[in-house]
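Asker: Mind having a look at this structure? Questions to follow.
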Amino acid sequence: MPMLAELVDAVVGADTHRDTHELEIAHPTGAPIAVCSIGNDTRGYARAVAWIGEQAPGPRVVVAVEGTRSYGAGLARALTEAGLTVIECEQPSRTERRGRGKSDSIDAHLAVRWALELDAERLPTPRADGDREALRTLLCARDELTTTGTGQTNRLKALLRDGDDTDRALARGKLSDTDLNTLARRRQPREATRAQAVRHGELRRLAVALREQRRELKTNRALLAAIVGDLAPGLTDHKGIGPICAAQVIVSFSHPGRCRSEAAFAA
């Protein structure tokens, strides 16, 4: 199988950050041609496209961008729209950095070297945008909602365990929607002490928050199901595959060529 270095005229390595990106363009041998610093904004992306066109010794150029779903997302999109081939670069390991130090220009050069050693038929293409990115956003939101809800549930049950027999019975079971509605409407007892008033207020606040969290999770699930139905009709008809599992499969797979083997897909 041919290596990428055998099929290109030049490779660009991009070390990306919040405010600026460092670029290096090099020959297929790895010998640097030029370096460039750009801002992480539309003007910087346009400068990068023009700079690559000026410096490249030929039309076959591949750009290895670090963080295509993080700081490098905007740059990766702009380069792709300009017709350049973009691949997703891994961050250099400690072994690769050993004896070289750490700087933006060094990391850009390491991105070039990393790309030149790739198999040309198994390039790590960035994850797809569009509906796939919408699914990823919804899954991230769902994870946050679930984590927050777990903490709120634990705090609510801890408060219930400090109450009377009725409250302690609630704490031992799974809180239903009816239970949350009851707690949210509970009135503060007359002549309550300060501690009792604070506990009552927290019980109501947590019950209302959990009730809203469950509504948001239902809305999130419905949105996931709608997008999954458009991208992969019939996928959720298989036993054991719901909209959440199906969405994660689509996000991980992204598009044909993204996962180069079953092991890569599993990872």
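Letters for chains follow the order of the structure tokens (A, B, ...), residue numbers begin at 1 for each chain, and ligand numbers begin at 1 in the order shown.
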Extract the full set of alpha helix (DSSP H) residues from stretch 40-242 of chain A according to DSSP on the backbone, and format it as a ChimeraX atom specification.
Answerer: /A:42-55,73-81,94-97,104-116,131-161,165-172,177-185,194-231
Asker: Let me see the file: selected residues, C-alpha atoms, as a CSV table (one decimal), in the first residue's frame.
Answerer:
```
chain,number,residue,atom,x,y,z
A,42,THR,CA,-12.6,33.8,9.3
A,43,ARG,CA,-9.8,36.2,8.3
A,44,GLY,CA,-7.2,33.8,9.5
A,45,TYR,CA,-8.7,30.9,7.6
A,46,ALA,CA,-8.7,32.9,4.4
A,47,ARG,CA,-5.1,33.8,5.0
A,48,ALA,CA,-4.3,30.1,5.5
A,49,VAL,CA,-5.9,29.1,2.2
A,50,ALA,CA,-4.1,31.8,0.3
A,51,TRP,CA,-0.8,31.0,2.0
A,52,ILE,CA,-1.0,27.3,1.2
A,53,GLY,CA,-1.8,28.2,-2.5
A,54,GLU,CA,1.3,30.4,-2.6
A,55,GLN,CA,3.7,28.0,-0.9
A,73,ALA,CA,-13.0,22.9,13.8
A,74,GLY,CA,-13.4,26.3,12.0
A,75,LEU,CA,-10.0,25.9,10.2
A,76,ALA,CA,-10.9,22.3,9.1
A,77,ARG,CA,-14.2,23.4,7.6
A,78,ALA,CA,-12.7,26.4,5.8
A,79,LEU,CA,-9.9,24.3,4.2
A,80,THR,CA,-12.4,21.6,3.2
A,81,GLU,CA,-14.7,24.2,1.6
A,94,ARG,CA,5.5,12.2,24.9
A,95,THR,CA,7.7,9.8,23.0
A,96,GLU,CA,7.4,11.8,19.8
A,97,ARG,CA,8.2,15.0,21.7
A,104,ASP,CA,3.6,25.5,18.5
A,105,SER,CA,6.1,25.3,15.6
A,106,ILE,CA,7.5,21.9,16.9
A,107,ASP,CA,3.9,20.5,17.1
A,108,ALA,CA,3.1,21.7,13.6
A,109,HIS,CA,6.2,20.0,12.3
A,110,LEU,CA,5.3,16.8,14.2
A,111,ALA,CA,1.9,16.9,12.6
A,112,VAL,CA,3.6,17.0,9.2
A,113,ARG,CA,5.8,14.0,10.1
A,114,TRP,CA,2.9,12.1,11.5
A,115,ALA,CA,0.8,12.6,8.3
A,116,LEU,CA,3.7,11.6,5.9
A,131,ASP,CA,-27.0,16.0,11.1
A,132,ARG,CA,-24.2,13.9,12.5
A,133,GLU,CA,-22.9,17.0,14.4
A,134,ALA,CA,-26.5,17.7,15.6
A,135,LEU,CA,-26.6,14.2,17.1
A,136,ARG,CA,-23.2,14.7,18.9
A,137,THR,CA,-24.5,17.9,20.4
A,138,LEU,CA,-27.7,16.2,21.6
A,139,LEU,CA,-25.7,13.3,23.1
A,140,CYS,CA,-23.4,15.7,25.0
A,141,ALA,CA,-26.4,17.6,26.3
A,142,ARG,CA,-28.0,14.3,27.4
A,143,ASP,CA,-24.9,13.2,29.2
A,144,GLU,CA,-24.9,16.6,31.1
A,145,LEU,CA,-28.6,16.3,31.9
A,146,THR,CA,-28.1,12.8,33.2
A,147,THR,CA,-25.1,13.6,35.3
A,148,THR,CA,-26.7,16.6,36.8
A,149,GLY,CA,-30.0,14.7,37.4
A,150,THR,CA,-28.1,11.9,39.3
A,151,GLY,CA,-26.5,14.4,41.6
A,152,GLN,CA,-29.8,16.2,42.2
A,153,THR,CA,-31.6,12.9,42.9
A,154,ASN,CA,-29.0,11.9,45.4
A,155,ARG,CA,-29.3,15.2,47.3
A,156,LEU,CA,-33.1,15.0,47.3
A,157,LYS,CA,-33.1,11.5,48.7
A,158,ALA,CA,-30.6,12.6,51.4
A,159,LEU,CA,-33.0,15.3,52.5
A,160,LEU,CA,-35.9,12.9,52.4
A,161,ARG,CA,-34.0,10.5,54.7
A,165,ASP,CA,-41.6,8.0,57.9
A,166,THR,CA,-43.3,9.1,54.7
A,167,ASP,CA,-40.2,11.0,53.4
A,168,ARG,CA,-38.0,8.1,54.4
A,169,ALA,CA,-40.2,5.7,52.4
A,170,LEU,CA,-39.9,8.0,49.4
A,171,ALA,CA,-36.1,8.0,49.7
A,172,ARG,CA,-36.0,4.2,49.5
A,177,ASP,CA,-43.3,11.9,38.4
A,178,THR,CA,-46.2,11.9,40.8
A,179,ASP,CA,-43.8,12.0,43.8
A,180,LEU,CA,-41.9,15.0,42.3
A,181,ASN,CA,-45.2,16.8,41.7
A,182,THR,CA,-46.2,16.2,45.3
A,183,LEU,CA,-42.9,17.5,46.6
A,184,ALA,CA,-42.9,20.5,44.4
A,185,ARG,CA,-46.3,21.5,45.7
A,194,ARG,CA,-35.0,27.9,60.1
A,195,ALA,CA,-33.5,24.5,59.5
A,196,GLN,CA,-36.9,23.1,58.6
A,197,ALA,CA,-37.6,26.0,56.3
A,198,VAL,CA,-34.3,25.6,54.4
A,199,ARG,CA,-34.9,21.9,54.1
A,200,HIS,CA,-38.4,22.4,52.8
A,201,GLY,CA,-37.1,25.0,50.2
A,202,GLU,CA,-34.4,22.6,49.0
A,203,LEU,CA,-36.9,19.7,48.7
A,204,ARG,CA,-39.1,21.8,46.5
A,205,ARG,CA,-36.3,23.3,44.4
A,206,LEU,CA,-34.8,19.9,43.7
A,207,ALA,CA,-38.2,18.4,42.9
A,208,VAL,CA,-38.9,21.1,40.4
A,209,ALA,CA,-35.4,20.8,38.9
A,210,LEU,CA,-35.7,17.0,38.4
A,211,ARG,CA,-39.2,17.4,36.9
A,212,GLU,CA,-37.8,19.8,34.4
A,213,GLN,CA,-34.8,17.6,33.7
A,214,ARG,CA,-37.1,14.7,32.9
A,215,ARG,CA,-39.0,16.8,30.4
A,216,GLU,CA,-35.8,17.9,28.8
A,217,LEU,CA,-34.6,14.3,28.5
A,218,LYS,CA,-37.9,13.3,26.8
A,219,THR,CA,-37.5,16.2,24.3
A,220,ASN,CA,-33.8,15.2,23.8
A,221,ARG,CA,-34.8,11.6,23.0
A,222,ALA,CA,-37.5,12.7,20.6
A,223,LEU,CA,-35.0,14.9,18.7
A,224,LEU,CA,-32.5,12.0,18.6
A,225,ALA,CA,-35.1,9.6,17.3
A,226,ALA,CA,-36.1,12.1,14.5
A,227,ILE,CA,-32.6,12.6,13.3
A,228,VAL,CA,-31.7,8.9,13.5
A,229,GLY,CA,-34.8,8.1,11.5
A,230,ASP,CA,-33.7,10.5,8.7
A,231,LEU,CA,-30.0,9.3,8.7
```
Asker: With only C-alpha atoms as the counted atoms, please give the residues lying no more than 10 Å from A:Glu6, apart from itself and same-chain residues fewer than 4 positions off, as a PyMOL selection string.
Answerer: chain A and resi 2+28-29+116-117+119-120
Asker: Can you list, as a PyMOL selection string, all residues belonging to stretch 29-123 of chain A that DSSP tags as strand (DSSP E or B)?
Answerer: chain A and resi 32-39+61-66+85-89+119
Asker: Env of stretch 63-65 of chain A: 8 Å cut, atoms = only C-alpha atoms, seq-sep filter 4 positions within chain, self excluded. Answer as a ChimeraX atom specification.
Answerer: /A:11-16,72,76,84-89,111-112,115
Asker: Keeping only N, CA and C atoms, write those residues as a PDB file, in the first residue's frame.
Answerer:
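Okay, this is what ended up in out_0.pdb:
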```pdb
ATOM      1  N   VAL A  11       2.661  18.581   2.351  1.00  0.00           N
ATOM      2  CA  VAL A  11       1.799  18.327   3.509  1.00  0.00           C
ATOM      3  C   VAL A  11       1.866  19.532   4.427  1.00  0.00           C
ATOM      4  N   VAL A  12       0.713  19.919   4.942  1.00  0.00           N
ATOM      5  CA  VAL A  12       0.641  21.023   5.900  1.00  0.00           C
ATOM      6  C   VAL A  12       0.259  20.454   7.262  1.00  0.00           C
ATOM      7  N   GLY A  13       0.984  20.849   8.294  1.00  0.00           N
ATOM      8  CA  GLY A  13       0.637  20.482   9.659  1.00  0.00           C
ATOM      9  C   GLY A  13       0.087  21.702  10.389  1.00  0.00           C
ATOM     10  N   ALA A  14      -1.012  21.523  11.108  1.00  0.00           N
ATOM     11  CA  ALA A  14      -1.645  22.638  11.813  1.00  0.00           C
ATOM     12  C   ALA A  14      -1.758  22.326  13.297  1.00  0.00           C
ATOM     13  N   ASP A  15      -1.061  23.115  14.104  1.00  0.00           N
ATOM     14  CA  ASP A  15      -1.171  23.027  15.566  1.00  0.00           C
ATOM     15  C   ASP A  15      -2.172  24.097  15.999  1.00  0.00           C
ATOM     16  N   THR A  16      -3.331  23.680  16.499  1.00  0.00           N
ATOM     17  CA  THR A  16      -4.424  24.617  16.730  1.00  0.00           C
ATOM     18  C   THR A  16      -4.567  24.978  18.207  1.00  0.00           C
ATOM     19  N   GLY A  72      -9.628  23.458  16.257  1.00  0.00           N
ATOM     20  CA  GLY A  72      -9.364  23.430  14.822  1.00  0.00           C
ATOM     21  C   GLY A  72     -10.587  23.220  13.960  1.00  0.00           C
ATOM     22  N   ALA A  76     -10.628  23.544   9.854  1.00  0.00           N
ATOM     23  CA  ALA A  76     -10.868  22.335   9.063  1.00  0.00           C
ATOM     24  C   ALA A  76     -12.013  22.544   8.080  1.00  0.00           C
ATOM     25  N   LEU A  84      -9.375  21.592  -0.288  1.00  0.00           N
ATOM     26  CA  LEU A  84      -8.182  20.907   0.189  1.00  0.00           C
ATOM     27  C   LEU A  84      -8.567  19.630   0.938  1.00  0.00           C
ATOM     28  N   THR A  85      -7.694  18.647   0.884  1.00  0.00           N
ATOM     29  CA  THR A  85      -7.902  17.403   1.621  1.00  0.00           C
ATOM     30  C   THR A  85      -7.446  17.594   3.055  1.00  0.00           C
ATOM     31  N   VAL A  86      -8.360  17.387   3.998  1.00  0.00           N
ATOM     32  CA  VAL A  86      -8.067  17.577   5.414  1.00  0.00           C
ATOM     33  C   VAL A  86      -8.131  16.238   6.131  1.00  0.00           C
ATOM     34  N   ILE A  87      -7.125  15.965   6.969  1.00  0.00           N
ATOM     35  CA  ILE A  87      -7.146  14.763   7.793  1.00  0.00           C
ATOM     36  C   ILE A  87      -7.040  15.169   9.256  1.00  0.00           C
ATOM     37  N   GLU A  88      -7.527  14.307  10.113  1.00  0.00           N
ATOM     38  CA  GLU A  88      -7.551  14.584  11.550  1.00  0.00           C
ATOM     39  C   GLU A  88      -6.248  14.103  12.178  1.00  0.00           C
ATOM     40  N   CYS A  89      -5.489  15.032  12.719  1.00  0.00           N
ATOM     41  CA  CYS A  89      -4.170  14.719  13.270  1.00  0.00           C
ATOM     42  C   CYS A  89      -4.271  14.410  14.761  1.00  0.00           C
ATOM     43  N   ALA A 111       3.078  17.267  13.291  1.00  0.00           N
ATOM     44  CA  ALA A 111       1.862  16.927  12.551  1.00  0.00           C
ATOM     45  C   ALA A 111       2.197  16.565  11.112  1.00  0.00           C
ATOM     46  N   VAL A 112       3.146  17.280  10.525  1.00  0.00           N
ATOM     47  CA  VAL A 112       3.601  16.971   9.165  1.00  0.00           C
ATOM     48  C   VAL A 112       4.220  15.582   9.124  1.00  0.00           C
ATOM     49  N   ALA A 115       1.653  12.809   9.464  1.00  0.00           N
ATOM     50  CA  ALA A 115       0.835  12.612   8.271  1.00  0.00           C
ATOM     51  C   ALA A 115       1.608  11.871   7.181  1.00  0.00           C
TER      52      ALA A 115
END
```
Asker: Please report the interatomic distance between atom CA of A:Gly130 and atom CA of A:Leu4 in Å with one decimal.
Answerer: 28.0 Å
Asker: One decimal, in Å: what's the spacing between atom CA of A:His17 and atom CA of A:Val35?
Answerer: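 Result for atom CA of A:His17 versus atom CA of A:Val35: 15.8 Å, one decimal.
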Asker: Atom CA of A:Asn40 and atom CA of A:Gly67, how far apart in Å?
Answerer: 12.5 Å
